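What's in work20.txt: compact mmCIF, C-alpha atoms
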# COMPACT_ATOMS: atom_id res chain seq x y z
CA MET A 1 12.96 -41.38 -63.18
CA ASN A 2 12.82 -37.84 -64.54
CA TYR A 3 11.00 -35.53 -62.19
CA TYR A 4 11.92 -32.25 -63.88
CA ALA A 5 11.77 -30.71 -67.33
CA ARG A 6 15.32 -30.56 -68.76
CA PRO A 7 16.02 -26.84 -68.19
CA VAL A 8 14.84 -27.20 -64.58
CA ALA A 9 17.09 -30.20 -63.99
CA HIS A 10 20.01 -28.25 -65.47
CA LEU A 11 19.30 -25.23 -63.25
CA ILE A 12 19.14 -27.46 -60.16
CA ASP A 13 22.49 -29.03 -61.12
CA GLU A 14 24.16 -25.64 -61.52
CA LEU A 15 22.73 -24.33 -58.23
CA ALA A 16 23.89 -27.48 -56.43
CA ARG A 17 27.50 -26.60 -57.33
CA LEU A 18 27.38 -23.64 -54.95
CA PRO A 19 29.06 -24.22 -51.59
CA GLY A 20 26.65 -25.33 -48.87
CA VAL A 21 23.85 -25.91 -51.38
CA GLY A 22 22.71 -29.55 -51.52
CA PRO A 23 20.15 -31.05 -53.92
CA LYS A 24 17.18 -30.13 -51.66
CA THR A 25 18.22 -26.49 -51.34
CA ALA A 26 19.04 -26.32 -55.05
CA GLN A 27 15.53 -27.56 -55.83
CA ARG A 28 13.98 -24.99 -53.50
CA LEU A 29 16.03 -22.16 -55.05
CA ALA A 30 15.17 -23.32 -58.59
CA PHE A 31 11.44 -23.42 -57.89
CA TYR A 32 11.69 -19.99 -56.30
CA LEU A 33 13.43 -18.58 -59.38
CA LEU A 34 10.92 -20.21 -61.74
CA ASN A 35 7.86 -18.99 -59.85
CA ALA A 36 9.15 -15.50 -58.99
CA PRO A 37 8.67 -12.64 -61.48
CA ALA A 38 11.00 -13.09 -64.48
CA GLU A 39 12.88 -9.93 -63.42
CA VAL A 40 14.11 -11.58 -60.21
CA ALA A 41 15.77 -14.40 -62.15
CA ARG A 42 17.12 -12.07 -64.82
CA ASN A 43 18.55 -9.60 -62.26
CA LEU A 44 20.32 -12.41 -60.44
CA ALA A 45 21.83 -13.78 -63.65
CA ARG A 46 22.92 -10.29 -64.70
CA ALA A 47 24.48 -9.55 -61.29
CA VAL A 48 26.48 -12.79 -61.46
CA VAL A 49 27.84 -12.09 -64.94
CA GLU A 50 28.48 -8.39 -64.32
CA ALA A 51 30.30 -9.01 -61.05
CA ARG A 52 32.35 -11.82 -62.60
CA ASP A 53 33.30 -9.58 -65.55
CA ALA A 54 33.99 -6.42 -63.55
CA ILE A 55 35.88 -7.91 -60.64
CA ARG A 56 39.60 -8.61 -60.67
CA TYR A 57 42.36 -8.77 -58.06
CA CYS A 58 43.83 -5.48 -56.79
CA SER A 59 47.26 -5.06 -58.39
CA VAL A 60 48.72 -3.99 -55.04
CA CYS A 61 47.14 -6.19 -52.35
CA GLY A 62 45.20 -8.93 -54.21
CA ASN A 63 41.81 -7.96 -52.74
CA LEU A 64 38.76 -8.06 -55.04
CA THR A 65 38.17 -4.79 -56.86
CA ASP A 66 36.42 -3.36 -59.90
CA ALA A 67 39.33 -0.97 -60.58
CA ASP A 68 43.11 -1.46 -60.88
CA THR A 69 43.60 -0.97 -57.13
CA CYS A 70 41.04 -1.63 -54.41
CA LEU A 71 39.11 0.86 -52.26
CA ILE A 72 41.40 0.22 -49.30
CA CYS A 73 44.70 0.64 -51.16
CA ARG A 74 43.36 3.89 -52.67
CA ASP A 75 42.22 5.27 -49.31
CA ASP A 76 44.92 7.72 -48.15
CA ARG A 77 43.59 7.74 -44.58
CA ARG A 78 44.90 4.19 -44.08
CA ILE A 79 48.15 3.70 -42.17
CA ARG A 80 50.70 2.44 -44.68
CA ALA A 81 53.18 1.23 -42.04
CA ILE A 82 51.05 -1.78 -40.99
CA LEU A 83 50.26 -4.62 -43.34
CA CYS A 84 47.77 -7.35 -42.47
CA VAL A 85 48.29 -10.64 -44.32
CA VAL A 86 45.09 -12.69 -44.86
CA GLU A 87 44.19 -15.80 -46.82
CA HIS A 88 41.21 -14.56 -48.84
CA SER A 89 39.27 -11.42 -49.81
CA ARG A 90 36.47 -12.50 -47.50
CA ASP A 91 38.92 -12.22 -44.59
CA VAL A 92 39.53 -8.58 -45.53
CA VAL A 93 35.78 -8.00 -45.10
CA ALA A 94 35.84 -9.80 -41.72
CA MET A 95 38.78 -7.66 -40.54
CA GLU A 96 37.19 -4.44 -41.81
CA LYS A 97 34.01 -5.20 -39.88
CA THR A 98 35.99 -5.10 -36.63
CA ARG A 99 36.72 -1.40 -37.37
CA SER A 100 39.91 -1.86 -35.37
CA PHE A 101 42.41 -2.15 -38.20
CA LYS A 102 43.47 0.98 -40.05
CA GLY A 103 46.43 -0.40 -42.02
CA LEU A 104 46.61 -2.06 -45.42
CA TYR A 105 46.11 -5.69 -46.45
CA HIS A 106 47.86 -8.36 -48.42
CA VAL A 107 45.73 -11.24 -49.69
CA LEU A 108 47.67 -14.49 -50.16
CA GLN A 109 44.85 -16.20 -52.15
CA GLY A 110 45.10 -19.32 -49.99
CA VAL A 111 47.37 -21.07 -47.49
CA ILE A 112 50.30 -23.41 -47.77
CA SER A 113 48.77 -26.89 -47.95
CA PRO A 114 51.09 -29.63 -49.24
CA ILE A 115 48.21 -32.13 -49.29
CA ASP A 116 46.44 -29.96 -51.91
CA GLY A 117 49.72 -29.29 -53.72
CA ILE A 118 49.76 -25.64 -52.66
CA GLY A 119 53.18 -24.26 -51.75
CA PRO A 120 54.39 -20.65 -51.32
CA GLU A 121 54.87 -20.30 -55.07
CA GLN A 122 51.11 -20.79 -55.66
CA LEU A 123 50.38 -17.92 -53.26
CA ALA A 124 51.05 -14.17 -53.41
CA VAL A 125 54.19 -14.56 -51.26
CA LYS A 126 56.64 -13.15 -53.82
CA GLU A 127 54.39 -10.09 -54.19
CA LEU A 128 54.35 -9.68 -50.40
CA ILE A 129 58.13 -9.68 -50.14
CA GLN A 130 58.35 -7.21 -53.03
CA ARG A 131 55.89 -4.92 -51.26
CA LEU A 132 57.91 -5.06 -48.06
CA GLY A 133 61.01 -4.09 -50.04
CA SER A 134 59.74 -0.49 -50.45
CA GLY A 135 60.58 0.24 -46.79
CA GLU A 136 57.14 1.77 -46.13
CA VAL A 137 55.91 -1.13 -43.97
CA GLN A 138 57.10 -1.45 -40.37
CA GLU A 139 54.82 -4.18 -39.00
CA VAL A 140 53.33 -7.25 -40.64
CA VAL A 141 50.26 -8.74 -38.89
CA LEU A 142 49.81 -12.39 -39.85
CA ALA A 143 46.05 -12.99 -39.87
CA THR A 144 45.82 -16.36 -41.58
CA ASN A 145 43.22 -18.68 -40.04
CA PRO A 146 43.95 -20.35 -36.69
CA SER A 147 44.13 -23.74 -38.42
CA VAL A 148 47.04 -26.11 -38.99
CA GLU A 149 47.60 -24.71 -42.50
CA GLY A 150 47.07 -21.11 -41.38
CA ASP A 151 49.58 -21.53 -38.56
CA ALA A 152 52.13 -23.20 -40.82
CA THR A 153 51.76 -20.41 -43.37
CA ALA A 154 52.15 -17.75 -40.66
CA LEU A 155 55.28 -19.47 -39.36
CA TYR A 156 56.71 -19.72 -42.87
CA LEU A 157 56.06 -16.03 -43.53
CA ALA A 158 57.45 -14.98 -40.14
CA ARG A 159 60.74 -16.75 -40.90
CA LEU A 160 60.85 -15.06 -44.30
CA ILE A 161 60.02 -11.56 -43.06
CA LYS A 162 61.91 -11.30 -39.75
CA PRO A 163 65.34 -11.20 -41.44
CA LEU A 164 64.16 -8.02 -43.22
CA GLY A 165 64.17 -6.31 -39.78
CA LEU A 166 60.40 -5.84 -39.60
CA LYS A 167 58.09 -6.41 -36.65
CA VAL A 168 56.02 -9.54 -37.28
CA THR A 169 52.91 -10.29 -35.20
CA ARG A 170 50.25 -12.99 -35.17
CA ILE A 171 46.60 -12.41 -34.25
CA ALA A 172 45.79 -13.75 -30.76
CA TYR A 173 44.39 -17.14 -29.91
CA GLY A 174 41.90 -17.22 -27.06
CA LEU A 175 38.30 -17.64 -26.06
CA PRO A 176 35.69 -16.07 -28.31
CA VAL A 177 33.74 -13.24 -26.64
CA GLY A 178 30.64 -14.61 -24.91
CA ALA A 179 32.07 -18.14 -24.72
CA ASP A 180 31.85 -20.43 -21.73
CA LEU A 181 35.02 -21.79 -20.10
CA GLU A 182 33.22 -25.06 -19.44
CA TYR A 183 32.64 -25.72 -23.12
CA ALA A 184 35.91 -24.35 -24.49
CA ASP A 185 38.23 -26.99 -25.94
CA ALA A 186 41.43 -27.58 -23.99
CA ILE A 187 43.77 -26.33 -26.71
CA THR A 188 41.96 -23.01 -27.06
CA LEU A 189 41.80 -22.58 -23.30
CA GLY A 190 45.51 -23.40 -23.04
CA LYS A 191 46.33 -20.81 -25.71
CA SER A 192 44.09 -18.30 -23.96
CA LEU A 193 46.08 -18.83 -20.75
CA GLU A 194 49.43 -18.57 -22.53
CA GLY A 195 48.35 -15.32 -24.15
CA ARG A 196 47.08 -13.74 -20.93
CA GLN A 197 47.55 -10.00 -20.63
CA GLU A 198 47.97 -7.75 -17.63
CA ILE A 199 44.91 -5.64 -16.84
CA MET B 1 31.27 1.65 -44.45
CA ASN B 2 31.72 0.11 -47.85
CA TYR B 3 33.39 -3.28 -47.60
CA TYR B 4 32.81 -4.40 -51.17
CA ALA B 5 33.38 -3.08 -54.68
CA ARG B 6 30.02 -2.01 -56.18
CA PRO B 7 29.44 -5.08 -58.45
CA VAL B 8 30.20 -7.38 -55.51
CA ALA B 9 27.76 -5.53 -53.24
CA HIS B 10 25.13 -5.76 -55.98
CA LEU B 11 25.71 -9.49 -56.43
CA ILE B 12 25.42 -10.06 -52.67
CA ASP B 13 22.13 -8.11 -52.63
CA GLU B 14 20.69 -10.20 -55.46
CA LEU B 15 21.78 -13.48 -53.88
CA ALA B 16 20.30 -12.43 -50.54
CA ARG B 17 16.84 -12.25 -52.19
CA LEU B 18 16.84 -16.05 -52.55
CA PRO B 19 14.77 -17.90 -49.95
CA GLY B 20 16.82 -19.10 -46.99
CA VAL B 21 19.84 -17.07 -48.07
CA GLY B 22 20.84 -14.44 -45.50
CA PRO B 23 23.57 -11.80 -45.86
CA LYS B 24 26.29 -14.17 -44.59
CA THR B 25 25.40 -16.95 -47.01
CA ALA B 26 25.00 -14.44 -49.84
CA GLN B 27 28.52 -13.18 -49.14
CA ARG B 28 29.91 -16.71 -49.13
CA LEU B 29 28.18 -17.57 -52.41
CA ALA B 30 29.35 -14.30 -53.99
CA PHE B 31 32.99 -14.90 -53.03
CA TYR B 32 32.71 -18.45 -54.31
CA LEU B 33 31.39 -17.24 -57.68
CA LEU B 34 34.06 -14.54 -57.93
CA ASN B 35 36.93 -16.88 -57.11
CA ALA B 36 35.73 -19.92 -59.09
CA PRO B 37 36.61 -20.24 -62.79
CA ALA B 38 34.61 -17.72 -64.85
CA GLU B 39 32.77 -20.64 -66.50
CA VAL B 40 31.12 -21.63 -63.21
CA ALA B 41 29.56 -18.19 -62.80
CA ARG B 42 28.61 -17.93 -66.47
CA ASN B 43 27.02 -21.41 -66.53
CA LEU B 44 24.94 -20.60 -63.48
CA ALA B 45 23.73 -17.32 -64.96
CA ARG B 46 22.92 -19.04 -68.26
CA ALA B 47 21.03 -21.88 -66.54
CA VAL B 48 18.92 -19.34 -64.62
CA VAL B 49 17.98 -17.36 -67.72
CA GLU B 50 17.45 -20.41 -69.94
CA ALA B 51 15.25 -22.16 -67.39
CA ARG B 52 13.25 -18.99 -66.75
CA ASP B 53 12.75 -18.48 -70.49
CA ALA B 54 11.99 -22.11 -71.36
CA ILE B 55 9.73 -23.01 -68.49
CA ARG B 56 6.00 -22.32 -68.42
CA TYR B 57 2.98 -23.90 -66.77
CA CYS B 58 1.54 -27.06 -68.33
CA SER B 59 -1.67 -26.10 -70.15
CA VAL B 60 -3.43 -29.14 -68.69
CA CYS B 61 -2.26 -29.51 -65.08
CA GLY B 62 -0.26 -26.36 -64.26
CA ASN B 63 2.98 -28.23 -63.52
CA LEU B 64 6.26 -26.69 -64.73
CA THR B 65 7.20 -27.79 -68.23
CA ASP B 66 9.31 -26.76 -71.19
CA ALA B 67 6.63 -27.87 -73.66
CA ASP B 68 2.90 -27.14 -73.96
CA THR B 69 2.01 -30.08 -71.71
CA CYS B 70 4.23 -31.61 -69.01
CA LEU B 71 6.02 -34.98 -69.01
CA ILE B 72 3.40 -36.49 -66.73
CA CYS B 73 0.34 -35.36 -68.71
CA ARG B 74 1.99 -36.68 -71.90
CA ASP B 75 2.82 -40.06 -70.33
CA ASP B 76 0.15 -42.50 -71.55
CA ARG B 77 1.06 -45.07 -68.88
CA ARG B 78 -0.48 -42.81 -66.21
CA ILE B 79 -3.93 -43.66 -64.86
CA ARG B 80 -6.24 -40.90 -66.04
CA ALA B 81 -9.05 -41.77 -63.63
CA ILE B 82 -7.20 -40.45 -60.56
CA LEU B 83 -6.28 -36.81 -60.15
CA CYS B 84 -4.05 -35.58 -57.33
CA VAL B 85 -4.50 -31.90 -56.42
CA VAL B 86 -1.38 -30.19 -55.01
CA GLU B 87 -0.41 -26.64 -54.13
CA HIS B 88 2.84 -26.24 -56.07
CA SER B 89 5.01 -27.91 -58.72
CA ARG B 90 7.50 -28.85 -56.02
CA ASP B 91 4.76 -30.96 -54.44
CA VAL B 92 4.43 -32.90 -57.71
CA VAL B 93 8.13 -33.78 -57.39
CA ALA B 94 7.62 -34.84 -53.76
CA MET B 95 4.67 -37.06 -54.75
CA GLU B 96 6.55 -38.55 -57.72
CA LYS B 97 9.45 -39.48 -55.45
CA THR B 98 7.13 -41.74 -53.44
CA ARG B 99 6.66 -43.82 -56.63
CA SER B 100 3.24 -44.76 -55.26
CA PHE B 101 1.06 -42.48 -57.34
CA LYS B 102 0.36 -43.39 -60.95
CA GLY B 103 -2.43 -40.91 -61.71
CA LEU B 104 -2.31 -37.34 -62.98
CA TYR B 105 -1.87 -34.05 -61.12
CA HIS B 106 -3.51 -30.69 -60.86
CA VAL B 107 -1.40 -27.83 -59.50
CA LEU B 108 -3.42 -25.10 -57.77
CA GLN B 109 -0.49 -22.60 -57.69
CA GLY B 110 -1.13 -21.87 -54.03
CA VAL B 111 -3.74 -22.26 -51.29
CA ILE B 112 -6.74 -20.27 -50.19
CA SER B 113 -5.37 -17.73 -47.72
CA PRO B 114 -7.65 -14.78 -46.98
CA ILE B 115 -4.91 -13.08 -44.95
CA ASP B 116 -2.76 -12.89 -48.12
CA GLY B 117 -5.78 -11.94 -50.23
CA ILE B 118 -5.77 -15.31 -52.04
CA GLY B 119 -9.18 -16.76 -52.77
CA PRO B 120 -10.27 -19.59 -55.09
CA GLU B 121 -10.33 -17.20 -58.07
CA GLN B 122 -6.55 -16.60 -57.72
CA LEU B 123 -5.93 -20.37 -57.90
CA ALA B 124 -6.41 -22.91 -60.71
CA VAL B 125 -9.79 -24.01 -59.26
CA LYS B 126 -11.87 -23.11 -62.32
CA GLU B 127 -9.45 -25.15 -64.48
CA LEU B 128 -9.81 -28.08 -62.07
CA ILE B 129 -13.60 -28.10 -62.30
CA GLN B 130 -13.39 -27.84 -66.09
CA ARG B 131 -11.03 -30.82 -66.16
CA LEU B 132 -13.40 -32.87 -64.02
CA GLY B 133 -16.20 -32.05 -66.48
CA SER B 134 -14.73 -34.38 -69.11
CA GLY B 135 -15.92 -37.43 -67.13
CA GLU B 136 -12.50 -39.12 -67.34
CA VAL B 137 -11.66 -38.62 -63.64
CA GLN B 138 -13.26 -40.85 -61.00
CA GLU B 139 -11.28 -39.96 -57.89
CA VAL B 140 -9.76 -36.67 -56.74
CA VAL B 141 -6.99 -36.96 -54.12
CA LEU B 142 -6.60 -33.69 -52.21
CA ALA B 143 -2.89 -33.42 -51.36
CA THR B 144 -2.64 -29.82 -50.21
CA ASN B 145 -0.35 -29.35 -47.20
CA PRO B 146 -1.54 -30.48 -43.76
CA SER B 147 -1.68 -26.82 -42.64
CA VAL B 148 -4.63 -24.60 -41.73
CA GLU B 149 -4.71 -23.13 -45.26
CA GLY B 150 -4.14 -26.51 -46.91
CA ASP B 151 -6.97 -28.08 -44.90
CA ALA B 152 -9.32 -25.20 -45.62
CA THR B 153 -8.54 -25.43 -49.34
CA ALA B 154 -9.09 -29.21 -49.32
CA LEU B 155 -12.43 -28.75 -47.55
CA TYR B 156 -13.47 -26.04 -50.01
CA LEU B 157 -12.57 -28.26 -52.99
CA ALA B 158 -14.28 -31.31 -51.48
CA ARG B 159 -17.56 -29.36 -51.17
CA LEU B 160 -17.21 -28.20 -54.75
CA ILE B 161 -16.36 -31.61 -56.23
CA LYS B 162 -18.58 -34.01 -54.27
CA PRO B 163 -21.82 -32.76 -55.92
CA LEU B 164 -20.27 -33.85 -59.25
CA GLY B 165 -20.59 -37.45 -57.99
CA LEU B 166 -16.83 -38.08 -57.80
CA LYS B 167 -14.91 -39.86 -55.05
CA VAL B 168 -12.91 -37.26 -53.08
CA THR B 169 -10.10 -38.32 -50.73
CA ARG B 170 -7.60 -36.50 -48.53
CA ILE B 171 -4.05 -37.73 -47.86
CA ALA B 172 -3.70 -39.24 -44.38
CA TYR B 173 -2.57 -37.49 -41.25
CA GLY B 174 -0.43 -39.51 -38.89
CA LEU B 175 3.02 -40.06 -37.48
CA PRO B 176 5.95 -39.71 -39.86
CA VAL B 177 7.83 -42.97 -40.43
CA GLY B 178 10.65 -43.32 -37.91
CA ALA B 179 9.03 -40.90 -35.47
CA ASP B 180 8.80 -41.40 -31.74
CA LEU B 181 5.40 -41.41 -29.96
CA GLU B 182 6.97 -39.63 -27.02
CA TYR B 183 7.92 -36.59 -29.10
CA ALA B 184 4.89 -36.46 -31.39
CA ASP B 185 2.61 -33.47 -30.85
CA ALA B 186 -0.81 -34.28 -29.40
CA ILE B 187 -2.77 -33.15 -32.48
CA THR B 188 -0.77 -35.35 -34.84
CA LEU B 189 -1.00 -38.30 -32.46
CA GLY B 190 -4.75 -37.74 -32.13
CA LYS B 191 -5.14 -37.70 -35.92
CA SER B 192 -2.98 -40.80 -36.16
CA LEU B 193 -5.32 -42.57 -33.75
CA GLU B 194 -8.46 -41.37 -35.57
CA GLY B 195 -7.03 -42.63 -38.86
CA ARG B 196 -6.04 -46.07 -37.52
CA GLN B 197 -6.38 -48.91 -39.98
CA GLU B 198 -7.03 -52.60 -39.47
CA ILE B 199 -3.99 -54.81 -40.03

Please re-express this file's structure in C-alpha cells.
Amino acid sequence: MNYYARPVAHLIDELARLPGVGPKTAQRLAFYLLNAPAEVARNLARAVVEARDAIRYCSVCGNLTDADTCLICRDDRRIRAILCVVEHSRDVVAMEKTRSFKGLYHVLQGVISPIDGIGPEQLAVKELIQRLGSGEVQEVVLATNPSVEGDATALYLARLIKPLGLKVTRIAYGLPVGADLEYADAITLGKSLEGRQEI
Amino acid sequence: MNYYARPVAHLIDELARLPGVGPKTAQRLAFYLLNAPAEVARNLARAVVEARDAIRYCSVCGNLTDADTCLICRDDRRIRAILCVVEHSRDVVAMEKTRSFKGLYHVLQGVISPIDGIGPEQLAVKELIQRLGSGEVQEVVLATNPSVEGDATALYLARLIKPLGLKVTRIAYGLPVGADLEYADAITLGKSLEGRQEI
C-alpha cells in the first residue's frame, strides 16, 4: 500500500537514515517540513549543503573546521604543551564545554575496533606521533571513551607514546556527579574506589 | 564561547528548528551529516527541496499530493458515499494504515482553536460544505483528534452538516487495544462504558 506521494516517501526515506530517527519520527519531520513555510525547508537544505561543502578536517588536529586549521589550533591563548586525544570532533565540543581544558586536541577519527576492521592505520595515529615529534608537547591526555574499544585504544597509544619520554594520562573513571551509590554498577564503583584522591 | 565553525553552528541551528529536535539531537545529526559520505548530506538536502517543491494540497480533499488530485481521490475503487474529515494529512496516513476505511477524505488543515486565532474560516470548512453539495456523499465521519479542540470542531461541523440531511458520525472513544483498566484515566473509561456495544 502506498500512503504517500512519491516525493514524500523519498523524503521520509532520507530522513530515516539519520541516527536515532525511525520511520515514525521521519514521517513527523517530513510532514513538518511540507507544512511549514517553504523557507524553513529551503534554509535547512541550504545549511546541510553549505556545511558539508565548507567543512573539512583541521590539517593539524583533525577537528572539523571551515578553514585550513581549526579555531582551537589557531587560538594562541591555548597551552601547546598539553594535547588531549579524543575519538571524534563531537568529543572536542564535550571537552570544551567543561571549560577546564586549555590545551590542544588531536582527533583520532574513531577507535581501534578489530571487529569493524579498524586498526591504528585507519586512525590519525601516525599524525599524532608526528605532532609529538616537534618536542612542543609535554603531556598527552588520553580522552577516548570509557568503553572496551576506547580503553584498548588508550592503552595502545600509551605504549606508543611513553617511550618518547612524554607524560601520558588517562581521564578518570568514577561516579558521575549527582549519581547514587546504590544504583552505580559495580565496575564503575570499583574504579571510583581505585581512583580515590586525598582531600 | 564558540565551539563550532560557523557553518556547523548554522546547520545545528537549522536542525534544532525541527519538531522534537533539541540542541543535543541537532548536534548529533549535524556531526553525522558532516562525517557521513557527502552523498548522504546532498541526498537529504535534495529530497527536502524536491518534496517541498513538488508537493501541494489536493484540489479536492486537501491531502498532500504531487499531482492536482491525490492518490486517494483518483482511486476509483474508493467508496465515494463516505467522507472522513481529519485535521491533517498525517491523519490520512494513520487512517489508511488501519485498512478499514474505504471512503474518501477531507483534510481541514487544522482545528478550531480560538486561543490560536483559528476559526472555521481559516480551515477547509467552506470547501467541505461545497463538496457535500454535490449529493454524492451520504455519511460524514468526523475523525478530528479526541482533544478539546478536536471535539469542538467535530461538534461545530456536525451542526453545520446535519441540516443537509446527511448521516454524521464521530469516531469512537474508548480504551486503546492492549490497555489495562487499572491504568486507564476515568474520563476514557467512562466514555468506553458509555460507548459499549452489544456482542

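A straight line drawn from CA of Ile82 in chain B to CA of Arg131 in chain B is 11.8 Å long.
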
Using all atoms listed in the file, determine which residues of chain A fall within 9 Å of chain B; present them as a ChimeraX atom specification.
/A:1-12,14-15,17-20,25,27-35,38,40-56,64-67,70-72,89-90,92-93,96-97

Under the rule that all atoms listed in the file are counted, which of A:Cys84, A:Val111, A:Val177, A:Cys58 is the nearest residue to Gly150 in chain A?
A:Val111

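Residues in contact with Gly103 in chain A at up to 10 Å, not including ones fewer than 3 positions away on its chain and judged by only C-alpha atoms, are Ile72, Cys73, Arg77, Arg78, Ile79, Arg80, Ala81, Ile82, Leu83, Cys84, Ser100, Val137, Glu139, Val140 and Val141 of chain A.
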
Using C-alpha atoms, can you write the selected residues to a file as a PDB file, keeping the file's coordinate frame?
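Output file selection-v8.pdb follows:
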ATOM      1  CA  ILE A  72      41.400   0.220 -49.300  1.00  0.00           C
ATOM      2  CA  CYS A  73      44.700   0.640 -51.160  1.00  0.00           C
ATOM      3  CA  ARG A  77      43.590   7.740 -44.580  1.00  0.00           C
ATOM      4  CA  ARG A  78      44.900   4.190 -44.080  1.00  0.00           C
ATOM      5  CA  ILE A  79      48.150   3.700 -42.170  1.00  0.00           C
ATOM      6  CA  ARG A  80      50.700   2.440 -44.680  1.00  0.00           C
ATOM      7  CA  ALA A  81      53.180   1.230 -42.040  1.00  0.00           C
ATOM      8  CA  ILE A  82      51.050  -1.780 -40.990  1.00  0.00           C
ATOM      9  CA  LEU A  83      50.260  -4.620 -43.340  1.00  0.00           C
ATOM     10  CA  CYS A  84      47.770  -7.350 -42.470  1.00  0.00           C
ATOM     11  CA  SER A 100      39.910  -1.860 -35.370  1.00  0.00           C
ATOM     12  CA  VAL A 137      55.910  -1.130 -43.970  1.00  0.00           C
ATOM     13  CA  GLU A 139      54.820  -4.180 -39.000  1.00  0.00           C
ATOM     14  CA  VAL A 140      53.330  -7.250 -40.640  1.00  0.00           C
ATOM     15  CA  VAL A 141      50.260  -8.740 -38.890  1.00  0.00           C
TER      16      VAL A 141
END

Top pick for closest residue to Lys167 in chain A, considering A:His106, A:Ile115, A:Leu132, A:Gln122 and counting all atoms listed in the file
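Distance minimum relative to Lys167 in chain A lands on A:Leu132.
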
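CA of Asn145 in chain A to CA of Glu194 in chain A spans 18.6 Å [interatomic distance, one decimal].
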
Quick one: pull the distance between CA of Tyr105 in chain A and CA of Ser192 in chain A, Å, one decimal.
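So the two atoms, CA of Tyr105 in chain A and CA of Ser192 in chain A, lie 25.9 Å apart.
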
Using all atoms listed in the file: which of B:Asp75, B:Glu198, B:Asp68, B:Glu87 has the shortest distance to Pro146 in chain B
B:Glu87

Find the axis-aligned box for range 97-112 of chain B, covering all its listed atoms and adding 6 Å on each side, and write its centre and edge lengths in Å to one decimal as JSON.
{"center_x": 1.4, "center_y": -32.5, "center_z": -56.6, "size_x": 28.2, "size_y": 36.5, "size_z": 24.8}
